[in-house]
$ cat coords.cif   # mmCIF, C-alpha atoms
data_data
#
loop_
_atom_site.label_atom_id
_atom_site.label_comp_id
_atom_site.auth_asym_id
_atom_site.auth_seq_id
_atom_site.Cartn_x
_atom_site.Cartn_y
_atom_site.Cartn_z
CA MET X 20 115.97 107.24 69.14
CA LYS X 21 114.93 104.66 71.77
CA HIS X 22 113.87 101.15 70.73
CA ILE X 23 111.83 98.46 72.47
CA MET X 24 113.62 95.11 72.21
CA ILE X 25 111.41 91.98 72.14
CA ILE X 26 113.35 88.78 72.90
CA ASP X 27 111.47 85.52 72.34
CA ASP X 28 112.17 82.39 70.30
CA SER X 29 108.52 82.36 69.16
CA PRO X 30 107.70 84.49 66.09
CA THR X 31 104.06 84.39 67.21
CA ILE X 32 104.87 85.98 70.57
CA ARG X 33 107.21 88.55 69.03
CA THR X 34 104.51 89.58 66.54
CA SER X 35 101.79 89.61 69.27
CA VAL X 36 103.80 91.93 71.51
CA GLU X 37 104.71 94.18 68.57
CA TYR X 38 100.99 94.35 67.67
CA ALA X 39 100.07 95.29 71.26
CA LEU X 40 102.68 98.07 71.41
CA MET X 41 102.36 99.55 67.92
CA GLY X 42 100.35 102.54 69.19
CA LEU X 43 103.16 103.71 71.50
CA GLY X 44 105.36 104.91 68.65
CA TYR X 45 108.60 103.18 69.64
CA PRO X 46 110.65 101.44 66.94
CA ILE X 47 110.63 97.69 67.69
CA ALA X 48 113.68 95.44 67.50
CA ASN X 49 113.45 91.64 67.71
CA ALA X 50 115.79 88.89 68.88
CA GLU X 51 115.38 85.09 69.03
CA ASN X 52 117.36 84.54 72.24
CA GLY X 53 119.45 86.34 74.86
CA SER X 54 122.71 86.10 72.94
CA ASP X 55 121.11 87.44 69.75
CA ALA X 56 119.62 90.31 71.80
CA LEU X 57 122.95 91.35 73.36
CA LYS X 58 124.48 91.61 69.86
CA LYS X 59 121.54 93.62 68.51
CA ILE X 60 121.50 95.94 71.54
CA ALA X 61 125.23 96.60 71.04
CA ALA X 62 124.52 97.38 67.37
CA ILE X 63 121.70 99.78 68.32
CA LYS X 64 123.94 101.59 70.82
CA GLY X 65 126.79 101.59 68.29
CA LYS X 66 124.62 103.67 65.95
CA GLY X 67 124.04 106.25 68.68
CA ASP X 68 120.52 105.03 69.49
CA ASP X 69 119.38 103.44 72.75
CA VAL X 70 116.98 100.86 74.19
CA ALA X 71 113.98 102.10 76.21
CA LEU X 72 112.88 98.64 77.41
CA CYS X 73 113.59 94.94 76.91
CA ILE X 74 110.76 92.39 76.97
CA VAL X 75 112.22 88.92 77.40
CA ASP X 76 111.00 85.31 77.57
CA VAL X 77 112.57 82.86 80.06
CA ASN X 78 112.82 79.54 78.18
CA MET X 79 114.87 80.06 75.01
CA PRO X 80 117.66 78.07 73.37
CA VAL X 81 121.26 79.40 73.21
CA MET X 82 120.79 81.93 76.06
CA ASP X 83 117.73 81.93 78.35
CA GLY X 84 116.03 85.05 79.66
CA ILE X 85 117.43 85.02 83.22
CA THR X 86 121.01 84.67 81.92
CA PHE X 87 120.31 87.49 79.44
CA ILE X 88 119.19 89.83 82.24
CA GLY X 89 122.35 89.10 84.24
CA GLU X 90 124.56 89.79 81.21
CA PHE X 91 122.60 92.91 80.23
CA ARG X 92 122.85 94.31 83.77
CA LYS X 93 126.67 94.15 83.69
CA ASP X 94 126.63 97.17 81.36
CA ASP X 95 123.20 98.70 81.97
CA LYS X 96 121.77 99.09 85.47
CA PHE X 97 118.81 101.29 84.60
CA THR X 98 117.00 100.29 81.37
CA PRO X 99 113.87 98.37 82.46
CA VAL X 100 113.61 94.67 81.61
CA LEU X 101 110.15 93.06 81.60
CA VAL X 102 109.90 89.26 81.68
CA LEU X 103 107.04 87.76 79.61
CA THR X 104 106.72 84.02 80.17
CA THR X 105 104.49 81.05 80.99
CA GLU X 106 106.62 80.42 84.09
CA SER X 107 104.85 81.38 87.32
CA GLU X 108 106.75 79.56 90.08
CA GLU X 109 107.92 81.84 92.88
CA GLN X 110 111.48 80.46 92.62
CA LYS X 111 111.74 81.52 88.95
CA ILE X 112 110.21 84.93 89.66
CA ARG X 113 112.67 85.49 92.52
CA ALA X 114 115.57 84.50 90.22
CA GLY X 115 114.37 87.04 87.66
CA LYS X 116 114.12 89.77 90.27
CA GLU X 117 117.58 88.98 91.64
CA ALA X 118 119.05 89.06 88.12
CA GLY X 119 117.67 92.57 87.70
CA ALA X 120 114.23 92.26 86.08
CA SER X 121 111.85 95.20 86.52
CA GLY X 122 108.61 93.22 86.15
CA TRP X 123 107.11 89.81 85.35
CA ILE X 124 104.04 89.04 83.21
CA VAL X 125 102.66 85.51 82.97
CA LYS X 126 101.18 84.60 79.55
CA PRO X 127 98.50 85.00 78.31
CA PHE X 128 98.54 88.80 78.47
CA SER X 129 95.95 91.38 77.48
CA ASN X 130 97.07 94.10 75.09
CA GLN X 131 95.72 96.79 77.43
CA ASP X 132 97.69 95.44 80.41
CA MET X 133 100.85 95.17 78.31
CA VAL X 134 100.54 98.80 77.18
CA LYS X 135 99.93 100.03 80.76
CA VAL X 136 102.93 98.14 82.14
CA VAL X 137 105.23 99.29 79.33
CA GLN X 138 104.11 102.92 79.70
CA ARG X 139 104.81 102.77 83.43
CA LEU X 140 108.26 101.20 82.99
CA VAL X 141 109.50 103.57 80.27
CA LYS X 142 108.19 106.68 82.05
CA MET R 9 98.96 63.22 83.95
CA ILE R 10 99.54 59.74 85.27
CA ARG R 11 102.56 57.49 84.79
CA SER R 12 102.16 53.74 84.26
CA GLU R 13 105.03 51.26 84.42
CA SER R 14 102.99 48.06 84.14
CA ASN R 15 101.35 48.08 80.72
CA ARG R 16 101.29 46.02 77.54
CA PHE R 17 103.83 48.24 75.75
CA GLY R 18 106.83 47.29 77.88
CA LYS R 19 107.87 50.90 78.42
CA THR R 20 106.77 53.78 80.62
CA LEU R 21 103.41 55.19 79.54
CA TYR R 22 102.39 58.76 80.39
CA ILE R 23 98.67 59.41 80.05
CA LEU R 24 97.91 63.09 79.55
CA TYR R 25 94.66 64.60 80.80
CA PRO R 26 92.93 67.58 79.18
CA GLY R 27 95.04 70.70 79.78
CA ASP R 28 98.26 68.72 80.29
CA TYR R 29 101.51 69.17 78.38
CA PHE R 30 104.72 67.14 78.62
CA ALA R 31 108.01 66.80 76.76
CA THR R 32 110.82 64.28 77.17
CA SER R 33 113.72 62.54 75.46
CA ALA R 34 113.04 59.28 77.31
CA ASN R 35 112.15 56.08 75.46
CA CYS R 36 108.52 56.06 76.57
CA LEU R 37 105.00 56.50 75.21
CA LEU R 38 102.63 59.44 75.61
CA ALA R 39 98.91 58.81 75.28
CA THR R 40 95.63 60.67 75.54
CA VAL R 41 92.00 60.55 74.45
CA THR R 42 90.27 63.54 72.87
CA GLY R 43 86.89 64.60 71.58
CA SER R 44 86.60 68.38 71.12
CA CYS R 45 90.10 69.31 72.31
CA VAL R 46 93.16 69.45 70.10
CA VAL R 47 96.19 67.25 70.69
CA VAL R 48 99.52 68.55 69.40
CA CYS R 49 102.46 66.16 69.11
CA ILE R 50 105.84 67.85 68.55
CA HIS R 51 109.03 66.08 67.52
CA ASP R 52 112.61 67.29 67.28
CA ALA R 53 114.24 64.71 65.00
CA ALA R 54 117.71 66.27 65.41
CA ARG R 55 117.70 65.66 69.17
CA ASN R 56 115.15 62.82 69.58
CA ILE R 57 112.93 64.90 71.84
CA GLY R 58 109.14 64.89 71.69
CA GLY R 59 106.18 66.38 73.49
CA MET R 60 102.42 66.37 73.61
CA GLY R 61 99.88 69.06 74.54
CA HIS R 62 96.12 68.63 75.03
CA PHE R 63 94.07 71.85 75.06
CA ILE R 64 91.19 73.81 73.56
CA LEU R 65 90.56 77.37 72.43
CA PRO R 66 87.60 78.48 74.56
CA GLY R 67 85.34 79.70 71.77
CA ALA R 68 85.31 80.66 68.14
CA MET R 69 88.09 82.89 66.85
CA GLY R 70 87.29 86.14 65.09
CA THR R 71 88.34 86.89 61.55
CA GLU R 72 91.32 89.14 62.38
CA GLY R 73 93.83 86.30 62.74
CA ILE R 74 95.52 84.88 65.83
CA ILE R 75 97.72 87.91 66.56
CA ALA R 76 94.75 90.20 67.17
CA ASP R 77 92.36 87.66 68.68
CA ASP R 78 91.83 87.41 72.47
CA ILE R 79 90.53 83.82 72.30
CA ALA R 80 93.60 82.78 70.30
CA LYS R 81 95.85 84.18 73.07
CA GLN R 82 94.71 81.29 75.29
CA GLY R 83 95.78 78.83 72.59
CA ILE R 84 99.12 80.60 72.08
CA ALA R 85 99.76 80.37 75.84
CA SER R 86 98.90 76.63 75.76
CA MET R 87 101.37 76.12 72.91
CA GLU R 88 103.98 78.18 74.78
CA HIS R 89 103.74 75.80 77.75
CA LEU R 90 104.49 72.84 75.46
CA MET R 91 107.24 74.68 73.55
CA GLY R 92 108.81 75.80 76.84
CA GLU R 93 109.00 72.17 77.98
CA MET R 94 110.63 71.24 74.64
CA VAL R 95 113.23 74.00 75.07
CA LYS R 96 113.96 72.84 78.65
CA GLN R 97 114.76 69.41 77.19
CA GLY R 98 117.29 71.03 74.82
CA SER R 99 115.13 71.46 71.73
CA SER R 100 115.01 74.39 69.31
CA ARG R 101 111.97 75.53 67.33
CA LYS R 102 113.98 75.40 64.12
CA SER R 103 114.13 71.61 63.96
CA LEU R 104 110.55 70.72 64.92
CA ARG R 105 107.67 69.08 63.10
CA ALA R 106 104.12 68.72 64.35
CA ILE R 107 101.30 66.17 64.20
CA LEU R 108 97.78 67.45 64.93
CA TYR R 109 94.70 65.56 66.14
CA GLY R 110 91.25 66.27 67.52
CA ALA R 111 88.93 69.29 67.32
CA GLY R 112 85.92 67.02 66.87
CA VAL R 113 82.40 68.45 66.69
CA PHE R 114 80.20 67.29 69.58
CA GLY R 115 76.82 68.61 70.57
CA SER R 116 74.27 70.30 68.38
CA GLY R 117 74.13 73.93 67.36
CA ALA R 118 76.39 76.30 65.49
CA SER R 119 78.70 76.96 68.43
CA ALA R 120 80.09 73.40 68.49
CA GLY R 121 81.01 73.63 64.80
CA ALA R 122 82.40 77.15 65.21
CA THR R 123 84.61 76.07 68.13
CA SER R 124 85.95 73.11 66.16
CA GLY R 125 86.56 75.30 63.09
CA GLY R 126 88.22 77.99 65.24
CA ASN R 127 90.56 75.46 66.84
CA ILE R 128 91.56 74.06 63.44
CA ARG R 129 92.12 77.55 62.02
CA PHE R 130 94.19 78.47 65.10
CA LEU R 131 96.48 75.47 64.61
CA HIS R 132 96.99 76.21 60.92
CA GLU R 133 97.79 79.89 61.56
CA TYR R 134 100.01 79.17 64.56
CA PHE R 135 102.22 76.59 62.84
CA SER R 136 102.39 78.76 59.72
CA LEU R 137 103.61 81.74 61.79
CA GLU R 138 106.08 79.55 63.67
CA LYS R 139 107.29 78.04 60.38
CA ILE R 140 106.96 74.55 61.89
CA HIS R 141 106.17 71.81 59.38
CA VAL R 142 102.93 69.89 60.05
CA SER R 143 103.70 66.37 58.87
CA ARG R 144 100.28 64.90 59.60
CA GLU R 145 96.88 66.15 60.68
CA ASP R 146 93.63 64.42 61.49
CA LEU R 147 91.19 67.09 62.63
CA GLY R 148 87.44 67.65 62.85
CA GLY R 149 84.65 65.16 62.26
CA THR R 150 82.39 63.66 64.90
CA VAL R 151 84.75 61.00 66.21
CA ARG R 152 86.65 60.67 69.44
CA ARG R 153 90.31 59.75 69.11
CA LYS R 154 92.77 57.77 71.20
CA ILE R 155 96.34 58.83 70.46
CA PHE R 156 99.72 57.32 71.22
CA PHE R 157 102.99 59.15 70.53
CA CYS R 158 106.59 58.04 70.93
CA PRO R 159 108.55 61.21 71.82
CA ARG R 160 111.92 59.74 70.89
CA THR R 161 110.99 58.54 67.37
CA GLY R 162 108.12 60.92 66.56
CA VAL R 163 105.88 58.02 65.53
CA SER R 164 102.18 58.47 66.36
CA TYR R 165 99.20 56.15 66.26
CA ARG R 166 95.55 57.18 66.21
CA LYS R 167 92.51 55.03 66.85
CA PHE R 168 88.92 56.20 66.36
CA LEU R 169 86.67 55.33 69.30
CA LYS R 170 83.49 54.04 67.68
CA ASN R 171 81.60 53.61 70.92
CA ASN R 172 80.98 56.92 72.69
CA ASN R 173 80.91 55.07 76.02
CA ASP R 174 84.57 54.06 75.57
CA HIS R 175 86.74 56.04 77.97
CA SER R 176 83.61 57.83 79.21
CA GLU R 177 85.46 58.84 82.41
CA PHE R 178 88.12 60.54 80.27
CA MET R 179 85.45 62.34 78.24
CA LYS R 180 83.86 63.55 81.48
CA LEU R 181 87.23 65.07 82.45
CA GLU R 182 87.49 66.72 79.04
CA ASN R 183 84.03 68.24 79.41
CA GLU R 184 84.97 69.61 82.86
CA TYR R 185 88.18 71.08 81.41
CA ILE R 186 86.28 72.66 78.49
CA SER R 187 83.70 74.18 80.88
CA TYR R 188 86.51 75.64 83.00
CA MET R 189 88.25 77.11 79.94
CA PHE R 190 85.03 78.70 78.62
CA VAL R 191 84.24 80.27 82.03
CA ASN R 192 87.82 81.62 82.30
CA LYS R 193 88.34 82.49 78.65
CA GLU R 194 89.33 86.10 79.38
CA LYS R 195 91.64 85.18 82.23
CA CYS R 196 95.15 86.61 81.92
CA GLY R 197 98.33 85.78 83.80
CA ARG R 198 99.78 87.54 86.86
CA ILE R 199 101.52 90.90 86.53
CA ILE R 200 104.25 91.74 89.05
CA LEU R 201 106.23 94.97 89.09
CA PHE R 202 109.38 94.85 91.20
CA ASP R 203 110.05 98.56 91.61
#
$ encode --input "coords.cif" --output "structure tokens"
Amino acid sequence: MKHIMIIDDSPTIRTSVEYALMGLGYPIANAENGSDALKKIAAIKGKGDDVALCIVDVNMPVMDGITFIGEFRKDDKFTPVLVLTTESEEQKIRAGKEAGASGWIVKPFSNQDMVKVVQRLVK
Amino acid sequence: MIRSESNRFGKTLYILYPGDYFATSANCLLATVTGSCVVVCIHDAARNIGGMGHFILPGAMGTEGIIADDIAKQGIASMEHLMGEMVKQGSSRKSLRAILYGAGVFGSGASAGATSGGNIRFLHEYFSLEKIHVSREDLGGTVRRKIFFCPRTGVSYRKFLKNNNDHSEFMKLENEYISYMFVNKEKCGRIILFD
């Protein structure tokens, strides 16, 4: 079974993204920061399941989103990682791309756009 | 936002305009004036970091709650800007408390009251979902408010502006900001795919 992992320190954002994606049928896993996500992804893979997509914020305590992508890419070159953030500076976007992000959405997002982007990335 | 060094407080004063957000651990003062907009002051007592955001939800929220509401998404994004600045300063959402001001009712007609009510409901739902304690709130009514906030101590001070001509230039800026937000209320952020 493939999960979608939502990584954001805001419960409001995690719930909003889960609400937007509930029609796609993927089980949703949540994490509060990059470090928390790496542990939960390892636990998912340890059970024989996998991750179809990670959706990650940039500014989080403990481990930020760009650091998470770099760490995640050490073991997984192919699973798409979508950044969802208020950050829109070109320098940050370039850093995300260089770390291995697959896409970048600047908040606020529409549910329809989120579904289209996720469907394209997990295809 | 403007920064003032020469003022009667003896410390740096940052004056936030409508739509601004700012967080710092410096021993300074943040100030703003609001009519219809909401002003959120956030304080992290564990790390002596504080921030202020000045924004408005462009319209009345529906009844489905903030997770399902498109208007509320604009407010969530505004709060995310402020929270992001707090995190950049080293703060964590788990040790925050909030002070809420504004959302006054100005102008006649049902829409002014509905916008004010929607903004107040948004704040209550947002901070409930985030599990952030609201230590003080002064919302609604037909008064304009001048607010000072010390980000290091979390102490805030509110003054009602009895004369509507006080800070009239500031209120003009707020009206321009509100008009912009209502025109662009369905605007979403950029989407970039790298592959």
$ closest_residue --input "coords.cif" --among "X:Glu109, X:Asp95, X:Asp69, X:Asp55" --to "chain R" --atoms "only C-alpha atoms"
X:Glu109
$ interface_residues --input "coords.cif" --of "chain R" --to "chain X" --cutoff "9 Å" --atoms "all atoms listed in the file" --output "number ranges by chain"
R: 74-76, 78, 81-86, 88-89, 91-93, 95-96, 98-101, 134, 137-139, 194-203
$ resolve_selection --input "coords.cif" --expression "the PyMOL selection byres ((chain X and resi 86-93) around 9)" --output "list in words"
Asn52, Gly53, Ser54, Ala56, Leu57, Val75, Val77, Met82, Asp83, Gly84, Ile85, Asp94, Asp95, Lys96, Phe97, Thr98, Val100, Gly115, Glu117, Ala118, Gly119 and Ala120 of chain X
$ write_last_selection --input "coords.cif" --atoms "C-alpha atoms" --output "compact mmCIF listing (two decimals), keeping the file's coordinate frame"
# COMPACT_ATOMS: atom_id res chain seq x y z
CA ASN X 52 117.36 84.54 72.24
CA GLY X 53 119.45 86.34 74.86
CA SER X 54 122.71 86.10 72.94
CA ALA X 56 119.62 90.31 71.80
CA LEU X 57 122.95 91.35 73.36
CA VAL X 75 112.22 88.92 77.40
CA VAL X 77 112.57 82.86 80.06
CA MET X 82 120.79 81.93 76.06
CA ASP X 83 117.73 81.93 78.35
CA GLY X 84 116.03 85.05 79.66
CA ILE X 85 117.43 85.02 83.22
CA ASP X 94 126.63 97.17 81.36
CA ASP X 95 123.20 98.70 81.97
CA LYS X 96 121.77 99.09 85.47
CA PHE X 97 118.81 101.29 84.60
CA THR X 98 117.00 100.29 81.37
CA VAL X 100 113.61 94.67 81.61
CA GLY X 115 114.37 87.04 87.66
CA GLU X 117 117.58 88.98 91.64
CA ALA X 118 119.05 89.06 88.12
CA GLY X 119 117.67 92.57 87.70
CA ALA X 120 114.23 92.26 86.08
$ atom_distance --input "coords.cif" --atom1 "atom CA of R:Ala68" --atom2 "atom CA of R:Met189"
12.7 Å
$ closest_residue --input "coords.cif" --among "R:Asn192, R:Asn56, R:Ser143, R:Ser116" --to "R:Ser164" --atoms "all atoms listed in the file"
R:Ser143
$ resolve_selection --input "coords.cif" --expression "the PyMOL selection byres ((chain R and resi 166) around 6)" --output "MDAnalysis selection string"
chainID R and resid 154:155 165 167
$ write_last_selection --input "coords.cif" --atoms "C-alpha atoms" --output "short mmCIF file (atom, residue, chain, number, x, y, z; two decimals), in the coordinates of the input"
data_model
loop_
_atom_site.label_atom_id
_atom_site.label_comp_id
_atom_site.auth_asym_id
_atom_site.auth_seq_id
_atom_site.Cartn_x
_atom_site.Cartn_y
_atom_site.Cartn_z
CA LYS R 154 92.77 57.77 71.20
CA ILE R 155 96.34 58.83 70.46
CA TYR R 165 99.20 56.15 66.26
CA LYS R 167 92.51 55.03 66.85
#
$ axis_aligned_box --input "coords.cif" --around "stretch 121-130 of chain X" --padding-each-side "5 Å" --output "JSON"
{"center_x": 103.9, "center_y": 89.9, "center_z": 80.8, "size_x": 25.9, "size_y": 20.6, "size_z": 21.4}
$ decode --input "coords.cif" --residues "stretch 61-87 of chain X" --atoms "N, CA and C atoms" --output "PDB file, in the first residue's frame"
ATOM      1  N   ALA X  61      10.426   5.553   7.461  1.00  0.00           N
ATOM      2  CA  ALA X  61      11.147   4.294   7.727  1.00  0.00           C
ATOM      3  C   ALA X  61      10.200   3.250   8.320  1.00  0.00           C
ATOM      4  N   ALA X  62       9.293   3.705   9.199  1.00  0.00           N
ATOM      5  CA  ALA X  62       8.331   2.778   9.814  1.00  0.00           C
ATOM      6  C   ALA X  62       7.357   2.230   8.768  1.00  0.00           C
ATOM      7  N   ILE X  63       6.920   3.092   7.848  1.00  0.00           N
ATOM      8  CA  ILE X  63       6.007   2.654   6.774  1.00  0.00           C
ATOM      9  C   ILE X  63       6.695   1.598   5.900  1.00  0.00           C
ATOM     10  N   LYS X  64       7.951   1.886   5.517  1.00  0.00           N
ATOM     11  CA  LYS X  64       8.689   0.950   4.660  1.00  0.00           C
ATOM     12  C   LYS X  64       9.023  -0.335   5.418  1.00  0.00           C
ATOM     13  N   GLY X  65       9.228  -0.200   6.732  1.00  0.00           N
ATOM     14  CA  GLY X  65       9.514  -1.376   7.563  1.00  0.00           C
ATOM     15  C   GLY X  65       8.356  -2.349   7.617  1.00  0.00           C
ATOM     16  N   LYS X  66       7.144  -1.841   7.407  1.00  0.00           N
ATOM     17  CA  LYS X  66       5.952  -2.716   7.410  1.00  0.00           C
ATOM     18  C   LYS X  66       5.683  -3.313   6.034  1.00  0.00           C
ATOM     19  N   GLY X  67       6.538  -2.981   5.066  1.00  0.00           N
ATOM     20  CA  GLY X  67       6.340  -3.505   3.715  1.00  0.00           C
ATOM     21  C   GLY X  67       5.499  -2.600   2.839  1.00  0.00           C
ATOM     22  N   ASP X  68       5.088  -1.444   3.360  1.00  0.00           N
ATOM     23  CA  ASP X  68       4.350  -0.467   2.558  1.00  0.00           C
ATOM     24  C   ASP X  68       5.338   0.525   1.935  1.00  0.00           C
ATOM     25  N   ASP X  69       4.810   1.527   1.235  1.00  0.00           N
ATOM     26  CA  ASP X  69       5.696   2.499   0.588  1.00  0.00           C
ATOM     27  C   ASP X  69       5.051   3.889   0.618  1.00  0.00           C
ATOM     28  N   VAL X  70       5.802   4.871   0.167  1.00  0.00           N
ATOM     29  CA  VAL X  70       5.303   6.252   0.104  1.00  0.00           C
ATOM     30  C   VAL X  70       5.173   6.643  -1.370  1.00  0.00           C
ATOM     31  N   ALA X  71       3.977   7.109  -1.754  1.00  0.00           N
ATOM     32  CA  ALA X  71       3.743   7.509  -3.149  1.00  0.00           C
ATOM     33  C   ALA X  71       4.218   8.932  -3.395  1.00  0.00           C
ATOM     34  N   LEU X  72       4.161   9.773  -2.347  1.00  0.00           N
ATOM     35  CA  LEU X  72       4.468  11.210  -2.508  1.00  0.00           C
ATOM     36  C   LEU X  72       4.651  11.822  -1.128  1.00  0.00           C
ATOM     37  N   CYS X  73       5.595  12.765  -1.036  1.00  0.00           N
ATOM     38  CA  CYS X  73       5.726  13.585   0.177  1.00  0.00           C
ATOM     39  C   CYS X  73       5.336  15.013  -0.164  1.00  0.00           C
ATOM     40  N   ILE X  74       4.544  15.628   0.699  1.00  0.00           N
ATOM     41  CA  ILE X  74       4.206  17.057   0.571  1.00  0.00           C
ATOM     42  C   ILE X  74       4.811  17.736   1.787  1.00  0.00           C
ATOM     43  N   VAL X  75       5.718  18.689   1.564  1.00  0.00           N
ATOM     44  CA  VAL X  75       6.515  19.189   2.685  1.00  0.00           C
ATOM     45  C   VAL X  75       6.566  20.714   2.713  1.00  0.00           C
ATOM     46  N   ASP X  76       6.442  21.269   3.914  1.00  0.00           N
ATOM     47  CA  ASP X  76       6.604  22.710   4.153  1.00  0.00           C
ATOM     48  C   ASP X  76       8.101  23.029   4.193  1.00  0.00           C
ATOM     49  N   VAL X  77       8.462  24.310   4.102  1.00  0.00           N
ATOM     50  CA  VAL X  77       9.879  24.697   4.192  1.00  0.00           C
ATOM     51  C   VAL X  77      10.250  25.059   5.628  1.00  0.00           C
ATOM     52  N   ASN X  78       9.533  26.021   6.212  1.00  0.00           N
ATOM     53  CA  ASN X  78       9.906  26.529   7.541  1.00  0.00           C
ATOM     54  C   ASN X  78       9.265  25.687   8.643  1.00  0.00           C
ATOM     55  N   MET X  79      10.068  24.820   9.241  1.00  0.00           N
ATOM     56  CA  MET X  79       9.600  23.978  10.348  1.00  0.00           C
ATOM     57  C   MET X  79      10.718  23.883  11.379  1.00  0.00           C
ATOM     58  N   PRO X  80      10.366  23.762  12.670  1.00  0.00           N
ATOM     59  CA  PRO X  80      11.406  23.544  13.673  1.00  0.00           C
ATOM     60  C   PRO X  80      11.993  22.143  13.542  1.00  0.00           C
ATOM     61  N   VAL X  81      13.074  21.895  14.232  1.00  0.00           N
ATOM     62  CA  VAL X  81      13.792  20.606  14.299  1.00  0.00           C
ATOM     63  C   VAL X  81      14.507  20.290  12.973  1.00  0.00           C
ATOM     64  N   MET X  82      13.742  20.032  11.908  1.00  0.00           N
ATOM     65  CA  MET X  82      14.342  19.843  10.578  1.00  0.00           C
ATOM     66  C   MET X  82      13.457  20.493   9.533  1.00  0.00           C
ATOM     67  N   ASP X  83      14.020  21.478   8.791  1.00  0.00           N
ATOM     68  CA  ASP X  83      13.224  22.203   7.791  1.00  0.00           C
ATOM     69  C   ASP X  83      13.022  21.343   6.539  1.00  0.00           C
ATOM     70  N   GLY X  84      12.188  21.843   5.641  1.00  0.00           N
ATOM     71  CA  GLY X  84      11.798  21.069   4.470  1.00  0.00           C
ATOM     72  C   GLY X  84      12.928  20.802   3.485  1.00  0.00           C
ATOM     73  N   ILE X  85      13.795  21.796   3.258  1.00  0.00           N
ATOM     74  CA  ILE X  85      14.890  21.609   2.292  1.00  0.00           C
ATOM     75  C   ILE X  85      15.872  20.552   2.817  1.00  0.00           C
ATOM     76  N   THR X  86      16.190  20.617   4.115  1.00  0.00           N
ATOM     77  CA  THR X  86      17.070  19.599   4.715  1.00  0.00           C
ATOM     78  C   THR X  86      16.425  18.221   4.614  1.00  0.00           C
ATOM     79  N   PHE X  87      15.102  18.162   4.875  1.00  0.00           N
ATOM     80  CA  PHE X  87      14.390  16.880   4.765  1.00  0.00           C
ATOM     81  C   PHE X  87      14.562  16.286   3.374  1.00  0.00           C
TER      82      PHE X  87
END
